[in-house]
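Engineer: start00.cif (mmCIF, N, CA and C atoms) pasted underneath:
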data_my_file
loop_
_atom_site.label_atom_id
_atom_site.label_comp_id
_atom_site.auth_asym_id
_atom_site.auth_seq_id
_atom_site.Cartn_x
_atom_site.Cartn_y
_atom_site.Cartn_z
N LYS A 158 151.23 180.68 -44.71
CA LYS A 158 150.00 181.39 -44.43
C LYS A 158 149.74 182.34 -45.58
N MET A 159 148.79 182.03 -46.41
CA MET A 159 148.40 182.85 -47.54
C MET A 159 149.55 183.10 -48.52
N GLY A 160 150.56 182.25 -48.52
CA GLY A 160 151.66 182.37 -49.46
C GLY A 160 152.73 183.37 -49.09
N TYR A 161 152.65 183.98 -47.92
CA TYR A 161 153.67 184.93 -47.50
C TYR A 161 154.85 184.20 -46.88
N PRO A 162 156.07 184.64 -47.16
CA PRO A 162 157.24 183.98 -46.56
C PRO A 162 157.34 184.31 -45.08
N PHE A 163 157.95 183.40 -44.33
CA PHE A 163 158.21 183.64 -42.90
C PHE A 163 159.66 184.07 -42.77
N VAL A 164 159.89 185.07 -41.95
CA VAL A 164 161.24 185.60 -41.77
C VAL A 164 161.58 185.59 -40.28
N ASP A 165 162.81 185.22 -39.97
CA ASP A 165 163.31 185.27 -38.60
C ASP A 165 163.97 186.64 -38.43
N VAL A 166 163.30 187.55 -37.76
CA VAL A 166 163.80 188.92 -37.66
C VAL A 166 165.07 189.01 -36.82
N ASP A 167 165.36 187.98 -36.02
CA ASP A 167 166.60 187.97 -35.24
C ASP A 167 167.81 187.74 -36.15
N ARG A 168 167.60 187.09 -37.27
CA ARG A 168 168.70 186.76 -38.18
C ARG A 168 168.71 187.62 -39.43
N PHE A 169 167.64 188.32 -39.71
CA PHE A 169 167.55 189.12 -40.92
C PHE A 169 168.25 190.45 -40.69
N PRO A 170 169.21 190.81 -41.53
CA PRO A 170 169.90 192.11 -41.36
C PRO A 170 168.97 193.26 -41.78
N LEU A 171 168.57 194.07 -40.84
CA LEU A 171 167.67 195.20 -41.12
C LEU A 171 168.44 196.32 -41.81
N GLN A 172 167.82 196.92 -42.79
CA GLN A 172 168.40 198.10 -43.44
C GLN A 172 167.97 199.33 -42.66
N PRO A 173 168.92 200.09 -42.15
CA PRO A 173 168.55 201.30 -41.39
C PRO A 173 167.65 202.25 -42.18
N GLN A 174 167.88 202.39 -43.49
CA GLN A 174 167.05 203.31 -44.29
C GLN A 174 165.61 202.83 -44.36
N ALA A 175 165.38 201.52 -44.25
CA ALA A 175 164.00 201.01 -44.24
C ALA A 175 163.33 201.34 -42.90
N VAL A 176 164.05 201.11 -41.82
CA VAL A 176 163.52 201.38 -40.48
C VAL A 176 163.19 202.86 -40.33
N GLU A 177 164.03 203.73 -40.89
CA GLU A 177 163.82 205.18 -40.79
C GLU A 177 162.61 205.66 -41.57
N ARG A 178 162.19 204.93 -42.59
CA ARG A 178 161.08 205.39 -43.45
C ARG A 178 159.71 205.24 -42.81
N LEU A 179 159.55 204.29 -41.90
CA LEU A 179 158.26 204.06 -41.25
C LEU A 179 158.29 204.69 -39.87
N PRO A 180 157.40 205.64 -39.59
CA PRO A 180 157.39 206.28 -38.26
C PRO A 180 157.23 205.23 -37.14
N HIS A 181 157.98 205.43 -36.08
CA HIS A 181 157.99 204.48 -34.96
C HIS A 181 156.60 204.23 -34.41
N LYS A 182 155.83 205.29 -34.21
CA LYS A 182 154.48 205.14 -33.67
C LYS A 182 153.61 204.27 -34.59
N THR A 183 153.73 204.47 -35.88
CA THR A 183 152.97 203.68 -36.85
C THR A 183 153.42 202.22 -36.82
N ALA A 184 154.72 202.00 -36.74
CA ALA A 184 155.25 200.63 -36.71
C ALA A 184 154.77 199.88 -35.47
N VAL A 185 154.79 200.53 -34.33
CA VAL A 185 154.37 199.89 -33.08
C VAL A 185 152.87 199.59 -33.10
N SER A 186 152.07 200.53 -33.53
CA SER A 186 150.63 200.32 -33.51
C SER A 186 150.20 199.24 -34.51
N ALA A 187 150.92 199.11 -35.62
CA ALA A 187 150.59 198.10 -36.62
C ALA A 187 151.37 196.80 -36.42
N ARG A 188 152.21 196.76 -35.40
CA ARG A 188 153.10 195.61 -35.17
C ARG A 188 153.80 195.23 -36.47
N ALA A 189 154.52 196.20 -37.01
CA ALA A 189 155.20 196.03 -38.28
C ALA A 189 156.67 196.42 -38.13
N LEU A 190 157.52 195.68 -38.81
CA LEU A 190 158.95 195.95 -38.77
C LEU A 190 159.49 196.04 -40.19
N PRO A 191 159.90 197.23 -40.62
CA PRO A 191 160.48 197.38 -41.96
C PRO A 191 161.81 196.63 -42.02
N LEU A 192 161.98 195.81 -43.04
CA LEU A 192 163.18 195.00 -43.15
C LEU A 192 164.17 195.56 -44.17
N MET A 193 163.66 195.87 -45.35
CA MET A 193 164.54 196.36 -46.40
C MET A 193 163.76 197.08 -47.48
N ILE A 194 164.48 197.90 -48.22
CA ILE A 194 163.91 198.59 -49.38
C ILE A 194 164.59 198.04 -50.62
N ASP A 195 163.78 197.67 -51.59
CA ASP A 195 164.26 197.15 -52.86
C ASP A 195 163.60 197.96 -53.96
N GLY A 196 164.29 198.97 -54.42
CA GLY A 196 163.72 199.86 -55.43
C GLY A 196 162.55 200.63 -54.86
N ALA A 197 161.37 200.45 -55.42
CA ALA A 197 160.16 201.15 -54.96
C ALA A 197 159.33 200.28 -54.02
N ARG A 198 159.94 199.21 -53.50
CA ARG A 198 159.22 198.30 -52.61
C ARG A 198 159.89 198.22 -51.25
N MET A 199 159.06 198.11 -50.22
CA MET A 199 159.57 197.89 -48.87
C MET A 199 159.07 196.54 -48.39
N VAL A 200 160.01 195.69 -47.97
CA VAL A 200 159.66 194.42 -47.36
C VAL A 200 159.45 194.70 -45.88
N ILE A 201 158.28 194.30 -45.39
CA ILE A 201 157.90 194.64 -44.03
C ILE A 201 157.38 193.39 -43.32
N ALA A 202 157.90 193.12 -42.13
CA ALA A 202 157.48 191.96 -41.35
C ALA A 202 156.26 192.33 -40.51
N VAL A 203 155.26 191.48 -40.54
CA VAL A 203 154.04 191.64 -39.74
C VAL A 203 153.70 190.29 -39.14
N ASP A 204 152.92 190.30 -38.06
CA ASP A 204 152.56 189.02 -37.44
C ASP A 204 151.30 188.42 -38.07
N HIS A 205 150.61 189.21 -38.87
CA HIS A 205 149.40 188.75 -39.56
C HIS A 205 149.22 189.62 -40.80
N PRO A 206 148.90 189.02 -41.95
CA PRO A 206 148.75 189.82 -43.17
C PRO A 206 147.74 190.96 -43.05
N GLY A 207 146.74 190.81 -42.21
CA GLY A 207 145.75 191.87 -42.02
C GLY A 207 146.34 193.15 -41.45
N ARG A 208 147.51 193.07 -40.87
CA ARG A 208 148.17 194.26 -40.32
C ARG A 208 148.49 195.27 -41.40
N LEU A 209 148.63 194.81 -42.63
CA LEU A 209 148.94 195.75 -43.71
C LEU A 209 147.83 196.76 -43.90
N LEU A 210 146.60 196.39 -43.55
CA LEU A 210 145.49 197.35 -43.65
C LEU A 210 145.72 198.55 -42.72
N GLU A 211 146.38 198.31 -41.59
CA GLU A 211 146.67 199.40 -40.66
C GLU A 211 147.73 200.34 -41.22
N LEU A 212 148.47 199.88 -42.21
CA LEU A 212 149.52 200.70 -42.81
C LEU A 212 149.07 201.38 -44.10
N LYS A 213 147.82 201.17 -44.50
CA LYS A 213 147.38 201.70 -45.79
C LYS A 213 147.44 203.22 -45.85
N ASP A 214 147.13 203.91 -44.76
CA ASP A 214 147.21 205.38 -44.77
C ASP A 214 148.65 205.84 -44.95
N TRP A 215 149.57 205.18 -44.26
CA TRP A 215 150.98 205.54 -44.41
C TRP A 215 151.43 205.26 -45.83
N ALA A 216 151.05 204.10 -46.37
CA ALA A 216 151.46 203.73 -47.71
C ALA A 216 150.91 204.70 -48.76
N ALA A 217 149.74 205.27 -48.50
CA ALA A 217 149.16 206.23 -49.44
C ALA A 217 150.03 207.47 -49.58
N TYR A 218 150.77 207.83 -48.53
CA TYR A 218 151.63 209.01 -48.57
C TYR A 218 153.08 208.67 -48.91
N SER A 219 153.35 207.40 -49.04
CA SER A 219 154.69 206.94 -49.34
C SER A 219 154.77 206.54 -50.81
N SER A 220 155.95 206.60 -51.34
CA SER A 220 156.14 206.17 -52.73
C SER A 220 156.47 204.68 -52.81
N LEU A 221 156.42 203.99 -51.68
CA LEU A 221 156.80 202.58 -51.63
C LEU A 221 155.60 201.64 -51.65
N THR A 222 155.76 200.53 -52.32
CA THR A 222 154.79 199.45 -52.29
C THR A 222 155.21 198.50 -51.18
N LEU A 223 154.29 198.09 -50.33
CA LEU A 223 154.61 197.22 -49.21
C LEU A 223 154.52 195.75 -49.62
N LEU A 224 155.55 195.00 -49.31
CA LEU A 224 155.58 193.55 -49.54
C LEU A 224 155.66 192.89 -48.17
N PRO A 225 154.64 192.14 -47.77
CA PRO A 225 154.64 191.55 -46.44
C PRO A 225 155.46 190.27 -46.33
N ALA A 226 156.02 190.09 -45.16
CA ALA A 226 156.63 188.83 -44.74
C ALA A 226 156.11 188.59 -43.33
N LEU A 227 155.92 187.35 -42.97
CA LEU A 227 155.41 187.04 -41.64
C LEU A 227 156.54 186.80 -40.66
N ALA A 228 156.32 187.23 -39.43
CA ALA A 228 157.27 187.02 -38.34
C ALA A 228 156.45 186.88 -37.06
N SER A 229 157.09 186.36 -36.02
CA SER A 229 156.35 186.18 -34.77
C SER A 229 156.15 187.51 -34.07
N LYS A 230 155.01 187.66 -33.44
CA LYS A 230 154.66 188.89 -32.74
C LYS A 230 155.68 189.27 -31.68
N PRO A 231 156.12 188.34 -30.81
CA PRO A 231 157.11 188.73 -29.80
C PRO A 231 158.42 189.23 -30.40
N ARG A 232 158.85 188.64 -31.51
CA ARG A 232 160.12 189.05 -32.13
C ARG A 232 159.99 190.43 -32.75
N ILE A 233 158.82 190.71 -33.34
CA ILE A 233 158.61 192.04 -33.94
C ILE A 233 158.61 193.09 -32.84
N LEU A 234 157.90 192.84 -31.76
CA LEU A 234 157.81 193.81 -30.67
C LEU A 234 159.17 194.03 -30.02
N LEU A 235 159.95 192.98 -29.89
CA LEU A 235 161.28 193.09 -29.31
C LEU A 235 162.22 193.89 -30.20
N ALA A 236 162.10 193.68 -31.49
CA ALA A 236 162.97 194.40 -32.44
C ALA A 236 162.66 195.87 -32.43
#
Using structure tokens, write down the structure that the file contains.
Structural biologist:
Amino acid sequence: KMGYPFVDVDRFPLQPQAVERLPHKTAVSARALPLMIDGARMVIAVDHPGRLLELKDWAAYSSLTLLPALASKPRILLA
């Protein structure tokens, strides 16, 4: 879908420091799950690439560039 990789969040080892960087309320409302931080980039699982628009305000205050990966909505919400 639009060239974004698909990730199985049940098998992907989440980095605690990535999860801590995105406020829980923001993550839930955007249906986003931070997966890992790689330098100045955060890999974040979303169920649709358009969800990144909901994170643009957070990203503006963060020093991280968001890199999307797709995951299923139920798995993101469960995680």
Engineer: Starting from the shown file, work through the PyMOL selection byres (((chain A and resi 201-205 and name CA) around 8) and name CA) and note down what comes out as number ranges by chain.
Structural biologist: A: 164, 166, 187-193, 199-200, 206-209, 223-230, 233
Engineer: Where in chain A does DSSP assign strand (DSSP E), given as a list of chain:residue names?
Structural biologist: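 Those in chain A that DSSP calls strand (DSSP E) are A:Ala189, A:Leu190, A:Pro191, A:Leu192, A:Met193, A:Ile194, A:Asp195, A:Arg198, A:Met199, A:Val200, A:Ile201, A:Ala202, A:Val203, A:Thr222, A:Leu223, A:Leu224, A:Pro225, A:Ala226, A:Leu227.
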Engineer: What is the distance, in Å and to one decimal place, between CA of Thr222 (chain A) and CA of His181 (chain A)?
Structural biologist: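 Spanning CA of Thr222 (chain A) to CA of His181 (chain A) is a straight-line distance of 18.3 Å.
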Engineer: Which residue gives the smallest distance to Pro173 (chain A) among A:Leu234, A:Leu221, A:Leu212, A:Ile194, with only C-alpha atoms counted?
Structural biologist: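 Distance minimum relative to Pro173 (chain A) lands on A:Ile194.
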Engineer: How far is it from CA of Trp215 (chain A) to CA of Pro180 (chain A), in Å with one decimal?
Structural biologist: 8.9 Å
Engineer: How far is it from atom N of Ala175 (chain A) to atom N of Asp214 (chain A), in Å with one decimal?
Structural biologist: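 Spanning atom N of Ala175 (chain A) to atom N of Asp214 (chain A) is a straight-line distance of 18.4 Å.
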Engineer: Which of chain A counts as alpha helix (DSSP H) under DSSP, as a list in words please?
Structural biologist: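 Matching residues, listed in order: Pro173, Gln174, Ala175, Val176, Glu177, Arg178, His181, Lys182, Thr183, Ala184, Val185, Ser186, Ala187, Lys213, Asp214, Trp215, Ala216, Ala217, Tyr218, Lys230, Pro231, Arg232, Ile233, Leu234 and Leu235 of chain A.
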Engineer: Write region 164-175 of chain A as a PDB file, keeping the file's coordinate frame, completed to all heavy atoms.
Structural biologist:
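Result saved to result-v1.pdb:
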ATOM      1  N   VAL A 164     159.890 185.070 -41.950  1.00  0.00           N
ATOM      2  CA  VAL A 164     161.240 185.600 -41.770  1.00  0.00           C
ATOM      3  C   VAL A 164     161.580 185.590 -40.280  1.00  0.00           C
ATOM      4  O   VAL A 164     160.732 185.875 -39.435  1.00  0.00           O
ATOM      5  CB  VAL A 164     161.393 187.007 -42.371  1.00  0.00           C
ATOM      6  CG1 VAL A 164     160.530 188.017 -41.672  1.00  0.00           C
ATOM      7  CG2 VAL A 164     162.832 187.447 -42.373  1.00  0.00           C
ATOM      8  N   ASP A 165     162.810 185.220 -39.970  1.00  0.00           N
ATOM      9  CA  ASP A 165     163.310 185.270 -38.600  1.00  0.00           C
ATOM     10  C   ASP A 165     163.970 186.640 -38.430  1.00  0.00           C
ATOM     11  O   ASP A 165     165.089 186.855 -38.915  1.00  0.00           O
ATOM     12  CB  ASP A 165     164.311 184.150 -38.369  1.00  0.00           C
ATOM     13  CG  ASP A 165     164.849 184.100 -36.952  1.00  0.00           C
ATOM     14  OD1 ASP A 165     164.604 185.050 -36.174  1.00  0.00           O
ATOM     15  OD2 ASP A 165     165.519 183.108 -36.611  1.00  0.00           O
ATOM     16  N   VAL A 166     163.300 187.550 -37.760  1.00  0.00           N
ATOM     17  CA  VAL A 166     163.800 188.920 -37.660  1.00  0.00           C
ATOM     18  C   VAL A 166     165.070 189.010 -36.820  1.00  0.00           C
ATOM     19  O   VAL A 166     165.789 190.001 -36.897  1.00  0.00           O
ATOM     20  CB  VAL A 166     162.726 189.908 -37.143  1.00  0.00           C
ATOM     21  CG1 VAL A 166     161.583 190.008 -38.114  1.00  0.00           C
ATOM     22  CG2 VAL A 166     162.243 189.530 -35.776  1.00  0.00           C
ATOM     23  N   ASP A 167     165.360 187.980 -36.020  1.00  0.00           N
ATOM     24  CA  ASP A 167     166.600 187.970 -35.240  1.00  0.00           C
ATOM     25  C   ASP A 167     167.810 187.740 -36.150  1.00  0.00           C
ATOM     26  O   ASP A 167     168.909 188.161 -35.830  1.00  0.00           O
ATOM     27  CB  ASP A 167     166.572 186.874 -34.180  1.00  0.00           C
ATOM     28  CG  ASP A 167     165.540 187.148 -33.103  1.00  0.00           C
ATOM     29  OD1 ASP A 167     165.247 188.332 -32.846  1.00  0.00           O
ATOM     30  OD2 ASP A 167     165.024 186.179 -32.526  1.00  0.00           O
ATOM     31  N   ARG A 168     167.600 187.090 -37.270  1.00  0.00           N
ATOM     32  CA  ARG A 168     168.700 186.760 -38.180  1.00  0.00           C
ATOM     33  C   ARG A 168     168.710 187.620 -39.430  1.00  0.00           C
ATOM     34  O   ARG A 168     169.704 187.621 -40.162  1.00  0.00           O
ATOM     35  CB  ARG A 168     168.608 185.298 -38.585  1.00  0.00           C
ATOM     36  CG  ARG A 168     168.848 184.374 -37.434  1.00  0.00           C
ATOM     37  CD  ARG A 168     168.831 182.960 -37.892  1.00  0.00           C
ATOM     38  NE  ARG A 168     169.199 182.088 -36.797  1.00  0.00           N
ATOM     39  CZ  ARG A 168     169.471 180.830 -36.932  1.00  0.00           C
ATOM     40  NH1 ARG A 168     169.401 180.270 -38.117  1.00  0.00           N
ATOM     41  NH2 ARG A 168     169.796 180.101 -35.894  1.00  0.00           N
ATOM     42  N   PHE A 169     167.640 188.320 -39.710  1.00  0.00           N
ATOM     43  CA  PHE A 169     167.550 189.120 -40.920  1.00  0.00           C
ATOM     44  C   PHE A 169     168.250 190.450 -40.690  1.00  0.00           C
ATOM     45  O   PHE A 169     167.920 191.180 -39.754  1.00  0.00           O
ATOM     46  CB  PHE A 169     166.081 189.361 -41.290  1.00  0.00           C
ATOM     47  CG  PHE A 169     165.893 189.845 -42.700  1.00  0.00           C
ATOM     48  CD1 PHE A 169     165.629 188.940 -43.709  1.00  0.00           C
ATOM     49  CD2 PHE A 169     165.998 191.183 -43.006  1.00  0.00           C
ATOM     50  CE1 PHE A 169     165.459 189.373 -45.019  1.00  0.00           C
ATOM     51  CE2 PHE A 169     165.834 191.631 -44.306  1.00  0.00           C
ATOM     52  CZ  PHE A 169     165.568 190.714 -45.312  1.00  0.00           C
ATOM     53  N   PRO A 170     169.210 190.810 -41.530  1.00  0.00           N
ATOM     54  CA  PRO A 170     169.900 192.110 -41.360  1.00  0.00           C
ATOM     55  C   PRO A 170     168.970 193.260 -41.780  1.00  0.00           C
ATOM     56  O   PRO A 170     168.606 193.377 -42.948  1.00  0.00           O
ATOM     57  CB  PRO A 170     171.112 191.995 -42.277  1.00  0.00           C
ATOM     58  CG  PRO A 170     170.736 190.979 -43.297  1.00  0.00           C
ATOM     59  CD  PRO A 170     169.747 190.041 -42.649  1.00  0.00           C
ATOM     60  N   LEU A 171     168.570 194.070 -40.840  1.00  0.00           N
ATOM     61  CA  LEU A 171     167.670 195.200 -41.120  1.00  0.00           C
ATOM     62  C   LEU A 171     168.440 196.320 -41.810  1.00  0.00           C
ATOM     63  O   LEU A 171     169.559 196.642 -41.418  1.00  0.00           O
ATOM     64  CB  LEU A 171     167.061 195.727 -39.829  1.00  0.00           C
ATOM     65  CG  LEU A 171     166.275 194.750 -38.979  1.00  0.00           C
ATOM     66  CD1 LEU A 171     165.788 195.441 -37.715  1.00  0.00           C
ATOM     67  CD2 LEU A 171     165.118 194.174 -39.750  1.00  0.00           C
ATOM     68  N   GLN A 172     167.820 196.920 -42.790  1.00  0.00           N
ATOM     69  CA  GLN A 172     168.400 198.100 -43.440  1.00  0.00           C
ATOM     70  C   GLN A 172     167.970 199.330 -42.660  1.00  0.00           C
ATOM     71  O   GLN A 172     166.763 199.594 -42.530  1.00  0.00           O
ATOM     72  CB  GLN A 172     167.914 198.236 -44.871  1.00  0.00           C
ATOM     73  CG  GLN A 172     168.512 197.278 -45.840  1.00  0.00           C
ATOM     74  CD  GLN A 172     168.016 197.549 -47.262  1.00  0.00           C
ATOM     75  OE1 GLN A 172     167.072 198.316 -47.477  1.00  0.00           O
ATOM     76  NE2 GLN A 172     168.649 196.912 -48.225  1.00  0.00           N
ATOM     77  N   PRO A 173     168.920 200.090 -42.150  1.00  0.00           N
ATOM     78  CA  PRO A 173     168.550 201.300 -41.390  1.00  0.00           C
ATOM     79  C   PRO A 173     167.650 202.250 -42.180  1.00  0.00           C
ATOM     80  O   PRO A 173     166.747 202.854 -41.622  1.00  0.00           O
ATOM     81  CB  PRO A 173     169.900 201.948 -41.072  1.00  0.00           C
ATOM     82  CG  PRO A 173     170.877 200.821 -41.123  1.00  0.00           C
ATOM     83  CD  PRO A 173     170.357 199.878 -42.179  1.00  0.00           C
ATOM     84  N   GLN A 174     167.880 202.390 -43.490  1.00  0.00           N
ATOM     85  CA  GLN A 174     167.050 203.310 -44.290  1.00  0.00           C
ATOM     86  C   GLN A 174     165.610 202.830 -44.360  1.00  0.00           C
ATOM     87  O   GLN A 174     164.693 203.646 -44.481  1.00  0.00           O
ATOM     88  CB  GLN A 174     167.641 203.550 -45.676  1.00  0.00           C
ATOM     89  CG  GLN A 174     167.774 202.336 -46.548  1.00  0.00           C
ATOM     90  CD  GLN A 174     169.125 201.653 -46.416  1.00  0.00           C
ATOM     91  OE1 GLN A 174     169.713 201.617 -45.350  1.00  0.00           O
ATOM     92  NE2 GLN A 174     169.609 201.090 -47.506  1.00  0.00           N
ATOM     93  N   ALA A 175     165.380 201.520 -44.250  1.00  0.00           N
ATOM     94  CA  ALA A 175     164.000 201.010 -44.240  1.00  0.00           C
ATOM     95  C   ALA A 175     163.330 201.340 -42.900  1.00  0.00           C
ATOM     96  O   ALA A 175     162.189 201.797 -42.864  1.00  0.00           O
ATOM     97  CB  ALA A 175     163.983 199.505 -44.479  1.00  0.00           C
TER      98      ALA A 175
END
